[in-house]
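A.B. asks: My structure is in model_20.cif, and what it holds is mmCIF, C-alpha atoms:
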```
data_work
loop_
_atom_site.label_atom_id
_atom_site.label_comp_id
_atom_site.auth_asym_id
_atom_site.auth_seq_id
_atom_site.Cartn_x
_atom_site.Cartn_y
_atom_site.Cartn_z
CA MET A 1 10.19 27.70 7.67
CA ASN A 2 8.59 28.81 11.00
CA ARG A 3 5.11 28.59 9.52
CA LEU A 4 5.87 25.13 8.12
CA MET A 5 7.26 23.90 11.42
CA ARG A 6 4.21 25.15 13.34
CA LYS A 7 2.02 23.39 10.85
CA LEU A 8 3.83 20.04 10.91
CA LEU A 9 5.57 19.71 14.24
CA PRO A 10 3.32 19.82 17.26
CA THR A 11 6.00 18.59 19.65
CA LEU A 12 9.56 19.62 20.44
CA SER A 13 10.86 16.23 19.36
CA MET A 14 9.34 16.63 15.93
CA ILE A 15 10.88 20.11 15.68
CA GLY A 16 14.30 18.54 16.18
CA PHE A 17 13.49 16.00 13.50
CA MET A 18 12.32 18.59 10.98
CA LEU A 19 15.49 20.66 11.27
CA ASN A 20 17.37 17.71 9.78
CA THR A 21 15.00 16.85 6.94
CA LEU A 22 15.37 17.22 3.21
CA ASN A 23 12.33 18.93 1.69
CA VAL A 24 11.31 18.24 -1.91
CA ASN A 25 7.93 19.60 -3.02
CA ALA A 26 5.26 17.68 -1.11
CA VAL A 27 7.45 15.41 1.01
CA SER A 28 10.19 15.79 3.62
CA ILE A 29 12.59 13.02 4.58
CA SER A 30 14.76 12.80 7.68
CA THR A 31 18.09 11.81 6.12
CA LYS A 32 19.91 12.14 2.80
CA ARG A 33 21.89 8.90 3.25
CA LEU A 34 21.41 5.47 4.85
CA TYR A 35 24.15 3.25 6.30
CA LEU A 36 24.03 -0.36 7.53
CA ALA A 37 26.79 -2.67 8.80
CA PRO A 38 27.24 -5.63 11.18
CA GLN A 39 27.62 -3.09 14.02
CA THR A 40 24.68 -0.98 12.76
CA LYS A 41 22.13 -3.54 11.59
CA SER A 42 19.11 -1.25 11.51
CA ALA A 43 18.23 2.26 10.37
CA ALA A 44 15.12 4.39 10.09
CA ILE A 45 13.89 7.17 7.85
CA TYR A 46 10.87 9.44 8.35
CA VAL A 47 8.66 10.64 5.50
CA VAL A 48 6.48 13.69 6.17
CA ASN A 49 3.62 14.93 3.99
CA ILE A 50 3.82 18.73 3.87
CA GLU A 51 1.00 19.04 1.33
CA ASN A 52 -2.70 19.57 2.05
CA LYS A 53 -3.64 16.46 0.04
CA THR A 54 -3.17 12.79 0.81
CA GLN A 55 -0.02 11.20 -0.61
CA SER A 56 0.17 7.55 -1.72
CA CYS A 57 3.76 6.31 -1.38
CA ASN A 58 5.56 3.20 -2.64
CA LEU A 59 9.07 2.19 -1.57
CA SER A 60 11.68 0.11 -3.37
CA LEU A 61 15.42 -0.59 -3.53
CA LYS A 62 17.22 0.19 -6.77
CA ASP A 63 20.66 -0.70 -8.06
CA ALA A 64 23.11 2.20 -8.33
CA VAL A 65 26.14 3.19 -10.40
CA ILE A 66 28.83 5.80 -9.75
CA SER A 67 29.59 8.34 -12.47
CA ASP A 68 32.39 10.88 -12.94
CA ASN A 69 33.05 13.27 -10.05
CA SER A 70 31.82 10.52 -7.71
CA ILE A 71 28.08 11.01 -8.20
CA ILE A 72 25.64 8.17 -7.50
CA HIS A 73 22.80 7.45 -9.97
CA PRO A 74 20.15 4.77 -10.58
CA ALA A 75 21.64 1.95 -12.66
CA PRO A 76 20.46 1.59 -16.29
CA LYS A 77 17.74 -0.99 -16.79
CA GLY A 78 19.16 -4.47 -17.29
CA LYS A 79 22.67 -3.61 -16.08
CA THR A 80 24.19 -6.20 -13.74
CA ILE A 81 25.61 -4.67 -10.56
CA ALA A 82 28.24 -6.74 -8.77
CA ASN A 83 28.07 -4.90 -5.45
CA SER A 84 24.30 -4.43 -5.24
CA ALA A 85 22.77 -3.86 -1.79
CA THR A 86 19.24 -4.66 -2.89
CA LYS A 87 19.23 -8.26 -1.58
CA LEU A 88 20.92 -7.42 1.72
CA VAL A 89 18.27 -5.12 3.19
CA ARG A 90 14.72 -5.62 4.41
CA PHE A 91 12.37 -2.71 5.02
CA ALA A 92 8.77 -2.04 6.03
CA PRO A 93 6.27 -0.78 5.21
CA ARG A 94 6.59 -0.97 1.43
CA ARG A 95 3.57 1.22 0.73
CA PHE A 96 1.42 3.61 2.74
CA GLU A 97 -0.80 6.65 2.56
CA LEU A 98 -0.06 9.93 4.31
CA GLY A 99 -2.77 12.43 5.12
CA PRO A 100 -1.92 16.15 5.33
CA ASN A 101 0.81 16.82 7.92
CA GLN A 102 1.18 13.13 8.77
CA HIS A 103 4.49 11.26 8.95
CA GLN A 104 5.54 7.65 8.48
CA ASN A 105 8.50 5.85 10.04
CA ILE A 106 10.22 3.31 7.76
CA LYS A 107 12.56 0.74 9.30
CA LEU A 108 15.41 -0.94 7.44
CA SER A 109 17.50 -3.91 8.58
CA PHE A 110 20.67 -5.61 7.31
CA ARG A 111 20.69 -9.35 6.66
CA ARG A 112 23.94 -10.99 5.63
CA ARG A 113 23.64 -13.73 3.03
CA PRO A 114 25.75 -16.90 3.44
CA GLY A 115 29.00 -16.83 1.48
CA LEU A 116 28.91 -13.08 0.85
CA ASN A 117 32.36 -11.50 0.51
CA ASN A 118 33.33 -8.61 2.77
CA GLY A 119 32.97 -5.31 0.98
CA GLU A 120 30.86 -2.24 0.35
CA TYR A 121 27.46 -2.70 -1.28
CA LYS A 122 25.39 0.16 -2.69
CA GLY A 123 21.88 0.98 -3.76
CA LEU A 124 19.25 3.69 -3.78
CA PHE A 125 16.27 3.63 -1.43
CA SER A 126 13.52 5.00 -3.66
CA ILE A 127 10.47 6.78 -2.24
CA ARG A 128 7.77 7.47 -4.84
CA CYS A 129 4.73 9.51 -3.75
CA GLN A 130 1.69 10.61 -5.73
CA THR A 131 -1.20 12.89 -4.93
CA ASP A 132 -4.67 12.59 -6.47
CA ASN A 133 -6.28 15.84 -7.59
CA GLY A 134 -9.57 14.60 -6.20
CA ASP A 135 -13.12 15.09 -7.45
CA THR A 136 -14.43 17.70 -9.84
CA ALA A 137 -16.04 20.91 -8.58
CA ASP A 138 -19.54 19.38 -8.66
CA GLY A 139 -18.41 16.49 -6.46
CA LYS A 140 -18.34 13.86 -9.20
CA ALA A 141 -15.31 11.63 -9.60
CA LYS A 142 -13.00 12.46 -12.49
CA MET A 143 -12.83 10.02 -15.39
CA VAL A 144 -9.07 10.64 -15.62
CA SER A 145 -7.11 11.75 -12.58
CA ILE A 146 -3.74 13.44 -13.00
CA LYS A 147 -1.35 12.31 -10.29
CA PRO A 148 1.91 14.23 -10.12
CA SER A 149 4.67 11.84 -9.06
CA LEU A 150 7.56 12.70 -6.76
CA VAL A 151 10.57 10.36 -6.51
CA LEU A 152 13.31 10.66 -3.90
CA ASN A 153 16.36 8.39 -4.22
CA VAL A 154 18.35 8.11 -0.99
CA PRO A 155 21.84 6.53 -1.24
CA LEU A 156 22.09 3.30 0.76
CA ILE A 157 25.51 1.94 1.78
CA VAL A 158 26.01 -1.50 3.34
CA HIS A 159 29.34 -2.64 4.82
CA THR A 160 29.87 -6.36 5.44
CA GLY A 161 33.24 -6.14 7.17
CA ASN A 162 35.94 -3.81 8.48
CA LEU A 163 36.72 -1.60 5.47
CA LYS A 164 39.44 1.03 5.15
CA ALA A 165 39.82 4.36 3.36
CA SER A 166 42.24 7.28 3.32
CA ALA A 167 41.81 10.72 1.77
CA ALA A 168 43.98 13.57 0.50
CA PHE A 169 43.67 16.99 -1.11
CA GLU A 170 45.20 16.69 -4.58
CA SER A 171 44.72 20.33 -5.53
CA VAL A 172 43.59 23.50 -3.71
CA LYS A 173 43.39 26.70 -5.80
CA LEU A 174 42.45 30.12 -4.40
CA THR A 175 40.98 33.00 -6.40
CA THR A 176 39.41 36.24 -5.16
CA GLN A 177 35.93 34.73 -5.03
CA GLN A 178 36.31 30.99 -4.55
CA VAL A 179 38.46 28.01 -3.66
CA GLU A 180 38.61 25.05 -6.04
CA VAL A 181 39.33 21.74 -4.35
CA THR A 182 40.12 18.33 -5.83
CA MET A 183 39.98 15.56 -3.25
CA SER A 184 40.75 11.86 -3.72
CA ILE A 185 40.43 8.64 -1.73
CA THR A 186 42.07 5.23 -1.69
CA GLY A 187 40.73 2.08 -0.09
CA ASN A 188 37.66 -0.11 -0.38
CA ARG A 189 34.88 2.08 0.99
CA ALA A 190 33.21 5.41 0.34
CA ILE A 191 33.57 8.43 2.62
CA THR A 192 30.91 10.99 3.56
CA GLY A 193 31.39 14.19 5.51
CA ASP A 194 31.63 17.98 5.44
CA LEU A 195 34.17 19.86 3.31
CA GLU A 196 34.77 23.20 5.02
CA LEU A 197 36.63 26.39 4.16
CA VAL A 198 37.79 27.86 7.49
CA GLU A 199 39.30 31.21 8.46
CA LYS A 200 42.35 30.29 10.54
CA LYS A 201 42.37 33.19 13.01
CA SER A 202 38.69 33.21 13.95
CA GLY A 203 37.86 29.56 13.27
CA GLU A 204 34.80 30.71 11.32
CA ILE A 205 33.53 28.41 8.57
CA ILE A 206 33.43 30.59 5.45
CA ALA A 207 31.86 27.98 3.13
CA VAL A 208 30.85 24.35 3.42
CA LYS A 209 29.80 21.42 1.25
CA LYS A 210 27.77 19.28 3.64
CA ASP A 211 27.41 15.49 3.45
CA MET A 212 29.79 15.23 0.50
CA SER A 213 30.44 11.67 -0.64
CA ILE A 214 33.36 10.19 -2.57
CA TYR A 215 33.06 6.62 -3.82
CA TRP A 216 36.00 4.30 -4.51
CA GLU A 217 34.62 3.52 -8.00
CA SER A 218 35.23 7.18 -8.95
CA PRO A 219 37.77 8.23 -6.32
CA ARG A 220 38.19 11.94 -7.19
CA LYS A 221 35.82 14.81 -6.58
CA HIS A 222 36.09 18.43 -7.70
CA VAL A 223 34.27 21.04 -5.60
CA ILE A 224 34.06 24.85 -5.72
CA LEU A 225 33.58 26.69 -2.42
CA PRO A 226 32.53 30.36 -2.86
CA ILE A 227 34.04 33.16 -0.75
CA THR A 228 31.19 35.55 -0.01
CA LYS A 229 32.77 37.76 2.68
CA ASN A 230 35.99 39.60 3.39
CA VAL A 231 38.53 37.49 5.27
CA THR A 232 41.27 38.92 7.49
CA SER A 233 43.56 35.92 7.95
CA ALA A 234 44.77 32.78 6.23
CA LEU A 235 42.33 30.08 5.15
CA TYR A 236 42.49 26.33 5.34
CA ILE A 237 40.46 23.45 3.94
CA ARG A 238 39.11 20.79 6.29
CA PHE A 239 37.28 17.55 5.60
CA ARG A 240 35.52 15.89 8.52
CA GLU A 241 34.01 12.48 7.94
CA ASN A 242 30.62 11.79 9.50
CA PRO A 243 30.98 8.80 11.89
CA LYS A 244 27.32 7.90 11.30
CA PHE A 245 28.38 6.64 7.87
CA GLY A 246 31.21 4.35 8.86
CA GLY A 247 34.37 6.43 9.33
CA ASN A 248 36.18 9.19 11.24
CA LEU A 249 38.72 10.70 8.84
CA LEU A 250 39.93 14.25 9.44
CA ILE A 251 42.27 16.01 7.01
CA THR A 252 43.27 19.66 6.67
CA GLN A 253 45.41 21.76 4.35
CA GLN A 254 46.28 25.44 4.26
CA VAL A 255 45.00 27.45 1.29
CA ASN A 256 47.82 29.34 -0.44
#
```
Translate the structure of the given file into structure tokens.

C.D. replies:
Amino acid sequence: MNRLMRKLLPTLSMIGFMLNTLNVNAVSISTKRLYLAPQTKSAAIYVVNIENKTQSCNLSLKDAVISDNSIIHPAPKGKTIANSATKLVRFAPRRFELGPNQHQNIKLSFRRRPGLNNGEYKGLFSIRCQTDNGDTADGKAKMVSIKPSLVLNVPLIVHTGNLKASAAFESVKLTTQQVEVTMSITGNRAITGDLELVEKKSGEIIAVKKDMSIYWESPRKHVILPITKNVTSALYIRFRENPKFGGNLLITQQVN
């Protein structure tokens, strides 16, 4: 990681940015989730090329569906999505090229359509990047160029009013090596935050599931948190919602 940061981040501000990115093969992005609302009408995401070849990137908004265990996926082709966010968001640029170690800032903005009902609208912000293998060894252009394609789908949530949610732990089971947690929500919006296993006496976080989302369309989520060290006191489970994504829930429960 230190070598990569020295290579990509010539300034302290970019170092701070890189510590919060998601790396996948040739590209890093600055956030794993995007949120827009009347109070938060704009957002930004950085894309960084960590390869030594130029990347050609195209951006689009896709419809999304929620499957079992509250997991978000691209919607099947031709499926009509009632709460689609794709027509509520503008973004630019839509395509760009990134040279080695370069980054691109993409700006998104919320636009409310007349007559739209208050609610939560969802989509996936899709970033597709390709790299060209270049010329042949003798300098001549290839007749056929293989371009590996990388696609990142970032969940996009749009709120068009004041939405509510509550959360509870339905089941918490302790074994010698892990804690199994089933969590559920009620309300009309998703929640996103950190699910933490905490040692009560020291306050140390023993295990964590970061940026965990639960969607109202599939309002239960089952998670396993491993115990990888000896603990000397009681444990408790804590879920802390991330206020950047529209809420501030905090719930805890002792692990028995």

A.B. asks: Between A:Thr54, A:Asn188, A:Asn117, A:Ser84, which has the minimum distance to Tyr215 of chain A (counting all atoms listed in the file)?

C.D. replies: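 Ranking A:Thr54, A:Asn188, A:Asn117, A:Ser84 by distance to Tyr215 of chain A, first place goes to A:Asn188.
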
A.B. asks: Can you give me, as a tab-separated table (two decimals) with C-alpha atoms, in the coordinates of the input, the residues this file yields under the PyMOL selection byres ((chain A and resi 233) around 12)?

C.D. replies:
```tsv
chain	number	residue	atom	x	y	z
A	198	VAL	CA	37.79	27.86	7.49
A	199	GLU	CA	39.30	31.21	8.46
A	200	LYS	CA	42.35	30.29	10.54
A	201	LYS	CA	42.37	33.19	13.01
A	202	SER	CA	38.69	33.21	13.95
A	203	GLY	CA	37.86	29.56	13.27
A	204	GLU	CA	34.80	30.71	11.32
A	206	ILE	CA	33.43	30.59	5.45
A	230	ASN	CA	35.99	39.60	3.39
A	231	VAL	CA	38.53	37.49	5.27
A	232	THR	CA	41.27	38.92	7.49
A	234	ALA	CA	44.77	32.78	6.23
A	235	LEU	CA	42.33	30.08	5.15
A	236	TYR	CA	42.49	26.33	5.34
A	254	GLN	CA	46.28	25.44	4.26
A	255	VAL	CA	45.00	27.45	1.29
A	256	ASN	CA	47.82	29.34	-0.44
```

A.B. asks: With distances taken over all atoms listed in the file, which residue among A:His103, A:Lys62, A:Arg95, A:Lys41 lies nearest Val154 of chain A?

C.D. replies: A:Lys62

A.B. asks: Using the chain letters and numbers from the file, which residues does the PyMOL selection byres ((chain A and resi 72) around 12) grab, as a PDB file with C-alpha atoms, keeping the file's coordinate frame?

C.D. replies:
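To be explicit, this is the file written out as selection_20.pdb:
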```pdb
ATOM      1  CA  ARG A  33      21.890   8.900   3.250  1.00  0.00           C
ATOM      2  CA  LYS A  62      17.220   0.190  -6.770  1.00  0.00           C
ATOM      3  CA  ASP A  63      20.660  -0.700  -8.060  1.00  0.00           C
ATOM      4  CA  ALA A  64      23.110   2.200  -8.330  1.00  0.00           C
ATOM      5  CA  VAL A  65      26.140   3.190 -10.400  1.00  0.00           C
ATOM      6  CA  ILE A  66      28.830   5.800  -9.750  1.00  0.00           C
ATOM      7  CA  SER A  67      29.590   8.340 -12.470  1.00  0.00           C
ATOM      8  CA  ASP A  68      32.390  10.880 -12.940  1.00  0.00           C
ATOM      9  CA  ASN A  69      33.050  13.270 -10.050  1.00  0.00           C
ATOM     10  CA  SER A  70      31.820  10.520  -7.710  1.00  0.00           C
ATOM     11  CA  ILE A  71      28.080  11.010  -8.200  1.00  0.00           C
ATOM     12  CA  HIS A  73      22.800   7.450  -9.970  1.00  0.00           C
ATOM     13  CA  PRO A  74      20.150   4.770 -10.580  1.00  0.00           C
ATOM     14  CA  ALA A  75      21.640   1.950 -12.660  1.00  0.00           C
ATOM     15  CA  LYS A 122      25.390   0.160  -2.690  1.00  0.00           C
ATOM     16  CA  GLY A 123      21.880   0.980  -3.760  1.00  0.00           C
ATOM     17  CA  LEU A 124      19.250   3.690  -3.780  1.00  0.00           C
ATOM     18  CA  ASN A 153      16.360   8.390  -4.220  1.00  0.00           C
ATOM     19  CA  VAL A 154      18.350   8.110  -0.990  1.00  0.00           C
ATOM     20  CA  PRO A 155      21.840   6.530  -1.240  1.00  0.00           C
ATOM     21  CA  LEU A 156      22.090   3.300   0.760  1.00  0.00           C
ATOM     22  CA  ILE A 157      25.510   1.940   1.780  1.00  0.00           C
ATOM     23  CA  ALA A 190      33.210   5.410   0.340  1.00  0.00           C
ATOM     24  CA  MET A 212      29.790  15.230   0.500  1.00  0.00           C
ATOM     25  CA  SER A 213      30.440  11.670  -0.640  1.00  0.00           C
ATOM     26  CA  ILE A 214      33.360  10.190  -2.570  1.00  0.00           C
ATOM     27  CA  TYR A 215      33.060   6.620  -3.820  1.00  0.00           C
ATOM     28  CA  TRP A 216      36.000   4.300  -4.510  1.00  0.00           C
ATOM     29  CA  GLU A 217      34.620   3.520  -8.000  1.00  0.00           C
ATOM     30  CA  SER A 218      35.230   7.180  -8.950  1.00  0.00           C
TER      31      SER A 218
END
```

A.B. asks: Apply the PyMOL selection byres ((chain A and resi 49) around 9) to the structure shown and report the selected residues as a ChimeraX atom specification.

C.D. replies: /A:8,26-28,47-48,50-55,98-104

A.B. asks: May I ask for the distance between atom CA of Glu180 of chain A and atom CA of Ile224 of chain A, given in Å to one decimal place?

C.D. replies: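 Spanning atom CA of Glu180 of chain A to atom CA of Ile224 of chain A is a straight-line distance of 4.6 Å.
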
A.B. asks: When distances are computed from only C-alpha atoms, which of A:Ile127, A:Ile45, A:Val158, A:Ile106 shows the smallest separation from Val89 of chain A?

C.D. replies: A:Val158

A.B. asks: Which is closer to Arg189 of chain A than all the others in A:Ala165, A:Leu116, A:Val208, A:Leu174, using all atoms listed in the file?

C.D. replies: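 Ranked by minimum distance to Arg189 of chain A, first place goes to A:Ala165.
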
A.B. asks: Hey, which of A:Leu108, A:Leu36, A:Leu59, A:Val172 ends up closest to Glu120 of chain A? Count all atoms listed in the file.

C.D. replies: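 The closest residue to Glu120 of chain A is A:Leu36.
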
A.B. asks: So, with all atoms listed in the file as the atoms that count, which of A:Lys229, A:Lys87, A:Arg220, A:Arg238 lies closest to Arg111 of chain A?

C.D. replies: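 Between A:Lys229, A:Lys87, A:Arg220, A:Arg238, the residue approaching Arg111 of chain A most closely is A:Lys87.
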
A.B. asks: Could you please give me, as a list in words, the residues of protein, DNA or RNA lying at most 8 Å from (39.8, -5.0, 2.4) in the coordinate frame of the file, considering all atoms listed in the file?

C.D. replies: Asn118, Gly119, Asn162, Leu163, Lys164, Gly187 and Asn188 of chain A

A.B. asks: Extract, using only C-alpha atoms, all DNA, RNA and protein residues at most 12 Å from Phe169 of chain A, discarding same-chain residues fewer than 6 positions from it, and format them as a list of chain:residue names.

C.D. replies: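 Skipping anything fewer than 6 positions along the chain leaves A:Glu180, A:Val181, A:Thr182, A:Met183, A:Ser184, A:Ile185, A:Thr186, A:Leu195, A:Pro219, A:Arg220, A:Lys221, A:His222, A:Val223, A:Tyr236, A:Ile237, A:Arg238, A:Phe239, A:Leu250, A:Ile251, A:Thr252, A:Gln253, A:Gln254, A:Val255.
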
A.B. asks: To one decimal place in Å, what is the distance between atom CA of Tyr46 of chain A and atom CA of Ile29 of chain A?

C.D. replies: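 Distance between the two atoms: 5.5 Å.
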
A.B. asks: Quick one, how far is atom CA of Asp211 of chain A from atom CA of Leu34 of chain A?

C.D. replies: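 Taking atom CA of Asp211 of chain A as the start and atom CA of Leu34 of chain A as the end point, the length is 11.8 Å.
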